[in-house]
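S.K.: Got a file for you: target_30.cif, mmCIF, C-alpha atoms.
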data_target
loop_
_atom_site.label_atom_id
_atom_site.label_comp_id
_atom_site.auth_asym_id
_atom_site.auth_seq_id
_atom_site.Cartn_x
_atom_site.Cartn_y
_atom_site.Cartn_z
CA MET Z 256 60.57 9.75 -12.10
CA ILE Z 257 58.35 12.74 -12.95
CA ARG Z 258 60.05 14.73 -10.21
CA ILE Z 259 63.51 13.95 -11.60
CA GLY Z 260 62.32 14.96 -15.07
CA ALA Z 261 60.98 18.26 -13.75
CA HIS Z 262 64.25 18.92 -11.92
CA ILE Z 263 66.27 18.30 -15.07
CA LEU Z 264 63.95 20.55 -17.07
CA ILE Z 265 64.64 23.40 -14.63
CA LEU Z 266 68.39 22.76 -14.95
CA TYR Z 267 68.03 22.77 -18.76
CA ALA Z 268 66.23 26.12 -18.56
CA PHE Z 269 69.19 27.59 -16.67
CA TYR Z 270 71.59 26.07 -19.19
CA TYR Z 271 69.76 27.73 -22.08
CA VAL Z 272 69.54 31.07 -20.28
CA GLY Z 273 73.28 30.73 -19.61
CA MET Z 274 74.03 30.11 -23.29
CA TRP Z 275 71.74 32.97 -24.30
CA LEU Z 276 73.54 35.35 -21.91
CA GLN Z 277 76.90 34.15 -23.19
CA ASN Z 278 75.90 35.01 -26.76
CA LEU Z 279 74.30 38.28 -25.78
CA LEU Z 280 77.17 39.61 -23.67
CA ASN Z 281 79.95 37.81 -25.54
CA ILE Z 282 81.50 36.33 -22.38
CA VAL Z 283 84.33 33.76 -22.60
CA MET Z 284 82.57 31.49 -20.06
CA PRO Z 285 80.64 28.41 -21.19
CA GLY Z 286 76.85 28.79 -20.95
CA SER Z 287 76.70 25.89 -18.49
CA ILE Z 288 78.92 27.67 -15.96
CA ILE Z 289 76.98 30.93 -16.37
CA GLY Z 290 73.78 28.92 -15.77
CA MET Z 291 75.33 27.36 -12.66
CA LEU Z 292 76.28 30.76 -11.21
CA LEU Z 293 72.79 32.07 -12.00
CA LEU Z 294 71.11 29.10 -10.29
CA LEU Z 295 73.44 29.50 -7.29
CA ALA Z 296 72.50 33.20 -7.03
CA LEU Z 297 68.78 32.37 -7.12
CA LEU Z 298 69.26 29.65 -4.48
CA PHE Z 299 70.92 32.21 -2.23
CA MET Z 300 68.12 34.72 -2.88
CA ARG Z 301 65.60 31.97 -2.03
CA VAL Z 302 63.82 32.42 -5.35
CA ILE Z 303 64.57 28.77 -6.16
CA ARG Z 304 64.29 26.13 -3.42
CA PRO Z 305 67.02 23.45 -3.29
CA GLN Z 306 64.35 20.71 -3.27
CA TRP Z 307 63.10 21.86 -6.69
CA ILE Z 308 66.32 20.70 -8.37
CA GLY Z 309 68.11 18.48 -5.83
CA THR Z 310 67.21 14.93 -6.92
CA GLY Z 311 67.69 15.66 -10.63
CA ALA Z 312 70.97 17.50 -10.05
CA GLN Z 313 72.32 14.66 -7.91
CA LEU Z 314 71.39 12.07 -10.53
CA LEU Z 315 73.13 13.96 -13.34
CA ILE Z 316 76.20 14.71 -11.21
CA ALA Z 317 76.50 11.08 -10.07
CA HIS Z 318 76.64 9.96 -13.70
CA MET Z 319 78.84 12.74 -15.06
CA PRO Z 320 81.49 10.19 -16.17
CA LEU Z 321 78.86 8.75 -18.57
CA LEU Z 322 78.08 12.22 -19.91
CA PHE Z 323 81.79 12.82 -20.52
CA LEU Z 324 82.28 9.60 -22.51
CA PRO Z 325 81.22 10.81 -26.00
CA VAL Z 326 83.45 13.91 -25.72
CA THR Z 327 86.46 11.91 -24.58
CA VAL Z 328 85.98 9.47 -27.48
CA GLY Z 329 86.70 12.51 -29.69
CA VAL Z 330 90.37 11.82 -28.96
CA ILE Z 331 90.01 9.12 -31.67
CA SER Z 332 90.59 11.76 -34.36
CA TYR Z 333 93.96 12.67 -32.80
CA LEU Z 334 95.43 9.28 -31.93
CA HIS Z 335 98.59 10.19 -33.92
CA VAL Z 336 99.43 12.68 -31.14
CA PHE Z 337 99.91 9.70 -28.81
CA LYS Z 338 102.65 8.21 -31.01
CA GLY Z 339 106.35 9.00 -31.59
CA LYS Z 340 107.40 12.59 -30.93
CA GLY Z 341 103.82 13.55 -30.06
CA LEU Z 342 104.17 11.49 -26.92
CA TRP Z 343 106.23 14.32 -25.41
CA ILE Z 344 103.18 16.56 -25.63
CA ILE Z 345 101.26 14.05 -23.53
CA VAL Z 346 104.13 13.70 -21.04
CA VAL Z 347 104.40 17.48 -20.62
CA THR Z 348 100.61 17.77 -20.20
CA LEU Z 349 100.53 15.05 -17.53
CA LEU Z 350 103.55 16.44 -15.64
CA SER Z 351 102.04 19.91 -15.66
CA THR Z 352 98.71 18.46 -14.46
CA VAL Z 353 100.52 16.83 -11.52
CA ALA Z 354 102.16 20.20 -10.79
CA VAL Z 355 98.80 22.03 -10.74
CA MET Z 356 97.16 19.46 -8.47
CA THR Z 357 100.11 19.38 -6.06
CA VAL Z 358 100.69 23.14 -5.82
CA SER Z 359 97.01 24.06 -5.45
CA GLY Z 360 96.42 21.18 -3.03
CA TRP Z 361 99.39 22.07 -0.84
CA THR Z 362 98.44 25.75 -0.76
CA VAL Z 363 94.88 24.99 0.36
CA GLN Z 364 96.04 22.39 2.88
CA ILE Z 365 98.53 24.72 4.58
CA MET Z 366 96.09 27.65 4.68
CA ALA Z 367 93.01 25.64 5.67
CA ARG Z 368 94.83 23.87 8.51
CA ARG Z 369 96.06 27.20 9.85
CA ARG Z 370 92.50 28.51 9.64
CA GLY Z 371 91.08 25.46 11.35
CA GLN Z 372 93.48 25.83 14.27
CA HIS Z 373 92.42 29.40 14.94
CA GLU Z 374 88.83 28.44 15.77
CA MET L 275 72.66 3.07 -41.89
CA ASN L 276 69.43 4.68 -40.79
CA GLU L 277 70.22 7.79 -38.73
CA TRP L 278 67.71 6.99 -36.01
CA LEU L 279 68.94 3.44 -35.61
CA ALA L 280 72.58 4.59 -35.50
CA GLY L 281 71.68 7.17 -32.86
CA ILE L 282 69.78 4.75 -30.66
CA LEU L 283 72.53 2.12 -30.94
CA ALA L 284 75.21 4.67 -30.03
CA ILE L 285 73.25 5.82 -26.98
CA ALA L 286 72.43 2.28 -25.82
CA GLY L 287 76.00 1.12 -26.49
CA THR L 288 77.52 4.01 -24.54
CA ILE L 289 75.22 3.38 -21.58
CA ILE L 290 75.99 -0.35 -21.58
CA VAL L 291 79.75 0.33 -21.75
CA TYR L 292 79.42 2.80 -18.87
CA VAL L 293 77.37 0.44 -16.69
CA VAL L 294 79.84 -2.42 -17.24
CA ALA L 295 82.81 -0.08 -16.64
CA LEU L 296 81.15 1.08 -13.41
CA LYS L 297 80.58 -2.52 -12.26
CA VAL L 298 84.21 -3.36 -13.02
CA TYR L 299 85.32 -0.24 -11.10
CA GLN L 300 83.19 -1.18 -8.08
CA ARG L 301 84.59 -4.72 -8.12
CA PHE L 302 88.24 -3.81 -8.90
CA HIS L 303 88.66 -0.39 -7.35
CA TYR L 304 91.95 0.88 -8.80
CA PRO L 305 92.84 4.33 -10.19
CA PHE L 306 93.33 2.78 -13.63
CA THR L 307 89.87 1.19 -13.71
CA LEU L 308 88.18 4.62 -13.60
CA PRO L 309 85.06 4.36 -15.85
CA VAL L 310 85.94 7.46 -17.95
CA LEU L 311 89.24 5.83 -18.90
CA THR L 312 88.10 2.22 -19.42
CA GLY L 313 84.87 3.37 -21.11
CA MET L 314 86.74 5.68 -23.48
CA ILE L 315 89.25 2.96 -24.42
CA THR L 316 86.46 0.42 -24.97
CA ILE L 317 84.42 2.69 -27.26
CA ILE L 318 87.49 3.89 -29.21
CA SER L 319 88.64 0.29 -29.73
CA PHE L 320 85.13 -0.70 -30.85
CA LEU L 321 84.94 2.17 -33.36
CA ILE L 322 88.40 1.36 -34.78
CA LEU L 323 87.66 -2.38 -35.06
CA THR L 324 84.28 -1.86 -36.76
CA GLY L 325 85.42 1.11 -38.84
CA ILE L 326 82.52 3.27 -37.61
CA SER L 327 83.42 6.96 -37.82
CA TYR L 328 83.33 9.32 -34.84
CA ASP L 329 80.72 11.43 -36.64
CA THR L 330 78.41 8.43 -37.00
CA TYR L 331 78.90 7.56 -33.33
CA MET L 332 78.17 11.15 -32.35
CA ILE L 333 74.70 11.05 -33.97
CA GLY L 334 73.73 9.37 -30.71
CA GLY L 335 76.68 10.49 -28.61
CA ARG L 336 75.65 14.10 -29.01
CA TRP L 337 72.48 13.46 -27.00
CA ILE L 338 74.48 12.15 -24.07
CA GLU L 339 76.99 14.99 -24.38
CA HIS L 340 74.11 17.45 -24.38
CA LEU L 341 73.17 16.44 -20.81
CA LEU L 342 76.56 17.75 -19.64
CA GLY L 343 75.11 21.28 -19.78
CA PRO L 344 72.37 20.73 -17.18
CA ALA L 345 74.76 18.54 -15.15
CA VAL L 346 77.24 21.41 -14.81
CA VAL L 347 74.34 23.73 -13.92
CA GLY L 348 73.37 21.15 -11.28
CA LEU L 349 76.74 21.60 -9.54
CA ALA L 350 75.07 24.65 -7.98
CA PHE L 351 73.26 22.19 -5.67
CA PRO L 352 76.29 20.73 -3.83
CA LEU L 353 77.82 24.23 -3.86
CA TYR L 354 74.73 25.59 -2.10
CA ASN L 355 74.66 22.73 0.41
CA GLN L 356 78.30 23.32 1.29
CA ARG L 357 78.03 27.12 1.37
CA LYS L 358 79.05 27.51 5.05
CA MET L 359 82.24 25.50 4.60
CA LEU L 360 83.08 27.25 1.34
CA LYS L 361 82.51 30.70 2.83
CA LYS L 362 84.71 29.91 5.82
CA TYR L 363 87.60 28.69 3.66
CA PHE L 364 87.11 30.95 0.66
CA SER L 365 90.44 32.78 0.98
CA SER L 366 92.30 29.43 1.20
CA ILE L 367 90.48 28.13 -1.86
CA ILE L 368 91.09 31.19 -4.02
CA THR L 369 94.77 31.32 -3.05
CA GLY L 370 95.08 27.63 -3.93
CA VAL L 371 93.45 28.20 -7.32
CA LEU L 372 95.76 31.15 -8.07
CA ALA L 373 98.84 29.14 -7.07
CA GLY L 374 97.63 26.23 -9.19
CA ALA L 375 97.01 28.45 -12.22
CA PHE L 376 100.53 29.88 -12.04
CA ALA L 377 102.01 26.41 -11.53
CA GLY L 378 100.09 25.15 -14.55
CA VAL L 379 101.13 27.89 -16.94
CA LEU L 380 104.76 28.00 -15.79
CA SER L 381 105.25 24.22 -15.69
CA GLY L 382 103.45 23.84 -19.01
CA TYR L 383 105.80 26.39 -20.58
CA TYR L 384 109.09 25.25 -19.07
CA PHE L 385 108.44 21.51 -19.42
CA SER L 386 107.62 22.22 -23.08
CA LEU L 387 110.89 24.08 -23.61
CA TRP L 388 112.72 21.20 -21.95
CA ALA L 389 110.99 18.76 -24.34
CA HIS L 390 111.88 21.01 -27.34
CA LEU L 391 108.28 21.49 -28.42
CA GLU L 392 107.31 24.02 -31.10
CA GLU L 393 105.74 27.34 -30.15
CA MET L 394 102.37 26.46 -31.64
CA VAL L 395 102.25 23.22 -29.63
CA ILE L 396 103.26 25.06 -26.44
CA ALA L 397 100.42 27.53 -26.97
CA SER L 398 98.08 24.55 -27.29
CA ILE L 399 99.33 22.99 -24.04
CA LEU L 400 99.11 26.07 -21.79
CA PRO L 401 95.28 26.21 -21.35
CA LYS L 402 94.84 22.42 -20.79
CA SER L 403 93.65 22.61 -17.15
CA VAL L 404 90.37 24.41 -17.80
CA THR L 405 87.07 23.29 -19.30
CA THR L 406 87.10 22.64 -23.08
CA PRO L 407 85.31 25.69 -24.58
CA ILE L 408 87.40 28.14 -22.52
CA ALA L 409 90.62 26.25 -23.19
CA MET L 410 89.95 26.29 -26.95
CA ASP L 411 89.21 30.02 -26.85
CA ILE L 412 92.47 30.73 -25.05
CA ALA L 413 94.43 28.53 -27.48
CA PHE L 414 92.92 30.45 -30.36
CA MET L 415 93.84 33.79 -28.76
CA ILE L 416 97.52 32.89 -28.31
CA ASP L 417 97.94 31.21 -31.74
CA GLY L 418 97.73 27.61 -30.57
CA LEU L 419 95.76 24.80 -32.22
CA PRO L 420 92.29 24.62 -30.60
CA PRO L 421 91.56 20.98 -31.65
CA LEU L 422 94.87 19.83 -30.13
CA THR L 423 94.00 21.76 -26.98
CA ALA L 424 90.65 19.93 -26.81
CA VAL L 425 92.52 16.61 -26.79
CA LEU L 426 94.98 17.82 -24.13
CA VAL L 427 92.07 19.00 -21.97
CA MET L 428 90.87 15.37 -22.01
CA VAL L 429 94.41 14.15 -21.20
CA ALA L 430 94.60 16.57 -18.25
CA GLY L 431 91.07 15.59 -17.14
CA ILE L 432 91.37 11.82 -17.34
CA GLY L 433 95.09 11.80 -16.44
CA GLY L 434 94.46 13.95 -13.38
CA ALA L 435 91.47 11.88 -12.25
CA VAL L 436 93.44 8.64 -12.62
CA LEU L 437 96.64 9.98 -10.99
CA ALA L 438 94.86 11.88 -8.16
CA PRO L 439 94.99 9.02 -5.58
CA TYR L 440 98.74 8.64 -6.20
CA ILE L 441 99.37 12.40 -6.07
CA TYR L 442 97.45 12.69 -2.78
CA LYS L 443 99.50 9.84 -1.31
CA TRP L 444 102.96 10.83 -2.58
CA PHE L 445 102.60 14.52 -1.78
CA ARG L 446 100.60 13.98 1.42
CA ILE L 447 97.53 15.96 0.41
CA GLU L 448 95.04 14.81 3.02
CA HIS L 449 92.70 17.74 3.64
CA VAL L 450 89.31 17.28 1.91
CA LEU L 451 89.22 20.85 0.59
CA ALA L 452 92.82 20.60 -0.66
CA ARG L 453 91.98 17.44 -2.59
CA GLY L 454 88.86 19.03 -4.06
CA VAL L 455 90.64 22.20 -5.12
CA GLY L 456 93.50 20.16 -6.57
CA ALA L 457 91.13 18.07 -8.68
CA GLY L 458 89.08 21.04 -9.90
CA SER L 459 92.12 23.21 -10.71
CA ALA L 460 94.00 20.51 -12.59
CA SER L 461 91.24 18.41 -14.15
CA HIS L 462 88.12 20.62 -14.50
CA GLY L 463 84.81 18.72 -14.83
CA ILE L 464 86.32 15.24 -15.04
CA GLY L 465 88.28 15.91 -11.84
CA THR L 466 85.11 17.26 -10.24
CA ALA L 467 83.15 14.13 -11.21
CA LYS L 468 85.86 12.09 -9.48
CA ALA L 469 85.96 14.39 -6.41
CA ILE L 470 82.20 14.21 -5.88
CA GLU L 471 82.48 10.43 -5.85
CA ASN L 472 84.54 10.81 -2.64
CA SER L 473 82.32 13.31 -0.81
CA GLU L 474 79.94 16.19 -1.40
CA MET L 475 82.35 18.62 0.26
CA GLU L 476 85.25 17.53 -1.95
CA GLY L 477 83.00 17.85 -5.00
CA ALA L 478 81.83 21.32 -3.97
CA ALA L 479 85.42 22.51 -3.44
CA SER L 480 86.30 21.07 -6.84
CA SER L 481 83.38 22.86 -8.54
CA VAL L 482 84.44 26.18 -7.03
CA ALA L 483 88.06 25.59 -8.08
CA MET L 484 87.03 24.59 -11.60
CA THR L 485 84.98 27.75 -12.06
CA LEU L 486 87.50 30.13 -10.49
CA SER L 487 90.40 28.57 -12.34
CA ALA L 488 88.59 29.02 -15.67
CA VAL L 489 88.36 32.75 -14.93
CA VAL L 490 91.90 33.08 -13.56
CA VAL L 491 93.59 31.07 -16.32
CA SER L 492 91.79 32.90 -19.12
CA MET L 493 93.19 36.17 -17.78
CA LEU L 494 96.60 34.85 -16.74
CA ILE L 495 97.65 33.18 -20.00
CA PRO L 496 97.27 36.16 -22.37
CA LEU L 497 99.04 38.29 -19.76
CA MET L 498 101.94 35.87 -19.31
CA THR L 499 102.40 35.28 -23.04
CA LYS L 500 102.69 39.03 -23.54
CA LEU L 501 104.91 39.88 -20.59
CA VAL L 502 106.95 36.82 -19.65
CA PHE L 503 107.31 34.29 -22.45
#
Would you mind writing the file's structure down as structure tokens?
M.R.:
Amino acid sequence: MIRIGAHILILYAFYYVGMWLQNLLNIVMPGSIIGMLLLLALLFMRVIRPQWIGTGAQLLIAHMPLLFLPVTVGVISYLHVFKGKGLWIIVVTLLSTVAVMTVSGWTVQIMARRRGQHE
Amino acid sequence: MNEWLAGILAIAGTIIVYVVALKVYQRFHYPFTLPVLTGMITIISFLILTGISYDTYMIGGRWIEHLLGPAVVGLAFPLYNQRKMLKKYFSSIITGVLAGAFAGVLSGYYFSLWAHLEEMVIASILPKSVTTPIAMDIAFMIDGLPPLTAVLVMVAGIGGAVLAPYIYKWFRIEHVLARGVGAGSASHGIGTAKAIENSEMEGAASSVAMTLSAVVVSMLIPLMTKLVF
């Protein structure tokens, strides 16, 4: 329990540094992603050991759907978009989402299989 | 109502809804029983029935949302664990992300024209595949409506996570990395949460795709709106 808490505190520290950097340098990346890249860099440089953050990170990641719930409930203020003519916006968004997943998936599959065969 | 009480009730309620949704998902494992979807519908229905406003709910909800920051930072852990695999297939992954970004912007634009949507709405649809803050920034840059974009980001996230098993089956996407990159490119963090449920490698590929696609899309859209559309 204490270990998980300590892990999450370290992750929080990176999150805040990420947000601080975002403000300072005016980057269009969310602070959380900047924090992730920073943590990844320090893991590679062996400044931070994976076991210092592992259990906490895995716990948070496993329950990410819970963490997303309050944000997704925000849709409540825009329910009118899901009615009448607005429904086309949803249809277009879903069709385009299918297109992205299919095209990127196919591309990786073709290339990765070719790569795998060469070894 | 007392602010503290409202906050604690919202947090406890959200956790209970999530735990029940998870139990239901484990018992009836279908794409449409995904906890993000069933949980969201349950909470929205509850708020509408009781007349509690979203702002009141968010007194507590904000605390849960706040943990998303460290959770995204934590994605560095599976990324680090899977570093050998990711390094080996990096060129495949980045090509897939680029192809996906183009497919997203082009299909978003042409499907919108086909559906006779207004320009402002189209500009709000284009950035839907990337994580909310970036998507809203892009929408703002190209004269879209950032709040509408935020909703469409959720539609792309939840829609993609729910449809993923069907898409993989219909379009025969079987490779673990391909599935991960597909989920991350199309459905950002929500897709990644779903991918990591399948395997660490799929989750790592999805995290990489989500990050790269945020960078690629934020450069691609302003460029395309200037030159092509």
S.K.: Pick from L:Ala284, L:Val371, L:Ala345, L:Val310: nearest to Asp329 of chain L, with all atoms listed in the file counted?
M.R.: L:Ala284
S.K.: Could you tell me how far atom CA of Ala469 of chain L sits from atom CA of Gly290 of chain Z, in Å to one decimal place?
M.R.: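 Atom-to-atom, atom CA of Gly290 of chain Z and atom CA of Ala469 of chain L are spaced 21.1 Å apart.
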S.K.: One decimal, Å: what's the distance from atom CA of Ser487 of chain L over to atom CA of Gly433 of chain L, could you say?
M.R.: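 Pair atom CA of Ser487 of chain L / atom CA of Gly433 of chain L returns 17.9 Å.
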S.K.: With distances taken over all atoms listed in the file, which of Z:Tyr267, Z:Gln313, Z:His262, Z:Gly286 is nearest to Pro352 of chain L?
M.R.: Z:Gln313
S.K.: Could you list, as a list in words, every residue within 12 Å of Met415 of chain L, counting all atoms listed in the file and ignoring same-chain residues fewer than 2 positions away?
M.R.: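 Final neighbour list, sorted by chain and number: Val283 of chain Z; Met394, Ala397, Ser398, Leu400, Pro401, Ile408, Ala409, Met410, Asp411, Ile412, Ala413, Asp417, Gly418, Leu419, Pro420, Ser492, Met493, Ile495, Pro496, Leu497, Thr499 and Lys500 of chain L.
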S.K.: Would you save the residues of that selection, restricted to C-alpha atoms, as a compact mmCIF listing (two decimals), keeping the file's coordinate frame?
M.R.:
# COMPACT_ATOMS: atom_id res chain seq x y z
CA VAL Z 283 84.33 33.76 -22.60
CA MET L 394 102.37 26.46 -31.64
CA ALA L 397 100.42 27.53 -26.97
CA SER L 398 98.08 24.55 -27.29
CA LEU L 400 99.11 26.07 -21.79
CA PRO L 401 95.28 26.21 -21.35
CA ILE L 408 87.40 28.14 -22.52
CA ALA L 409 90.62 26.25 -23.19
CA MET L 410 89.95 26.29 -26.95
CA ASP L 411 89.21 30.02 -26.85
CA ILE L 412 92.47 30.73 -25.05
CA ALA L 413 94.43 28.53 -27.48
CA ASP L 417 97.94 31.21 -31.74
CA GLY L 418 97.73 27.61 -30.57
CA LEU L 419 95.76 24.80 -32.22
CA PRO L 420 92.29 24.62 -30.60
CA SER L 492 91.79 32.90 -19.12
CA MET L 493 93.19 36.17 -17.78
CA ILE L 495 97.65 33.18 -20.00
CA PRO L 496 97.27 36.16 -22.37
CA LEU L 497 99.04 38.29 -19.76
CA THR L 499 102.40 35.28 -23.04
CA LYS L 500 102.69 39.03 -23.54
S.K.: As an exercise, work out the distance from atom CA of Ile289 of chain Z to atom CA of Lys402 of chain L in Å and give it to one decimal place.
M.R.: 20.3 Å
S.K.: Find the residues near segment 338-350 of chain Z: any atom within 8 Å, counting only C-alpha atoms, skip ones fewer than 5 places away on the same chain, and give them as an NGL selection string.
M.R.: :L and (381-382 or 385-386 or 389 or 391 or 395 or 399 or 402 or 426 or 429-430 or 433-434)
S.K.: Give me the residues within 9 Å of segment 365-371 of chain Z as a VMD selection string, counting only C-alpha atoms and dropping any in the same chain fewer than 6 places off.
M.R.: chain L and resid 362 to 363 365 to 367 369 to 370 449 451 to 452
S.K.: Between L:Ser403, L:Thr307, L:Thr324, L:Thr330, which one has atoms that come closest to Leu279 of chain L, using all atoms listed in the file?
M.R.: L:Thr330
S.K.: Tell me which protein, DNA and RNA residues are within 7 Å of Leu266 of chain Z, counting only C-alpha atoms, leaving out same-chain ones fewer than 3 positions away, and put them as a list in words.
M.R.: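 Within the cut-off, the hits are His262, Ile263, Phe269 and Tyr270 of chain Z; Pro344, Val347 and Gly348 of chain L.
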S.K.: Using the chain letters and residue numbers of this document, give as a list in words the residues selected by the PyMOL selection byres ((chain Z and resi 315-320) around 9).
M.R.: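 The output of the PyMOL selection byres ((chain Z and resi 315-320) around 9) on this file is Ile263, Thr310, Gly311, Ala312, Gln313, Leu314, Leu321, Leu322, Phe323 and Leu324 of chain Z; Tyr292, Pro309, Val310, Leu341, Leu342, Pro344, Ala345, Val346, Gly348, Leu349, Gly463, Ile464, Ala467, Lys468, Ile470 and Glu471 of chain L.
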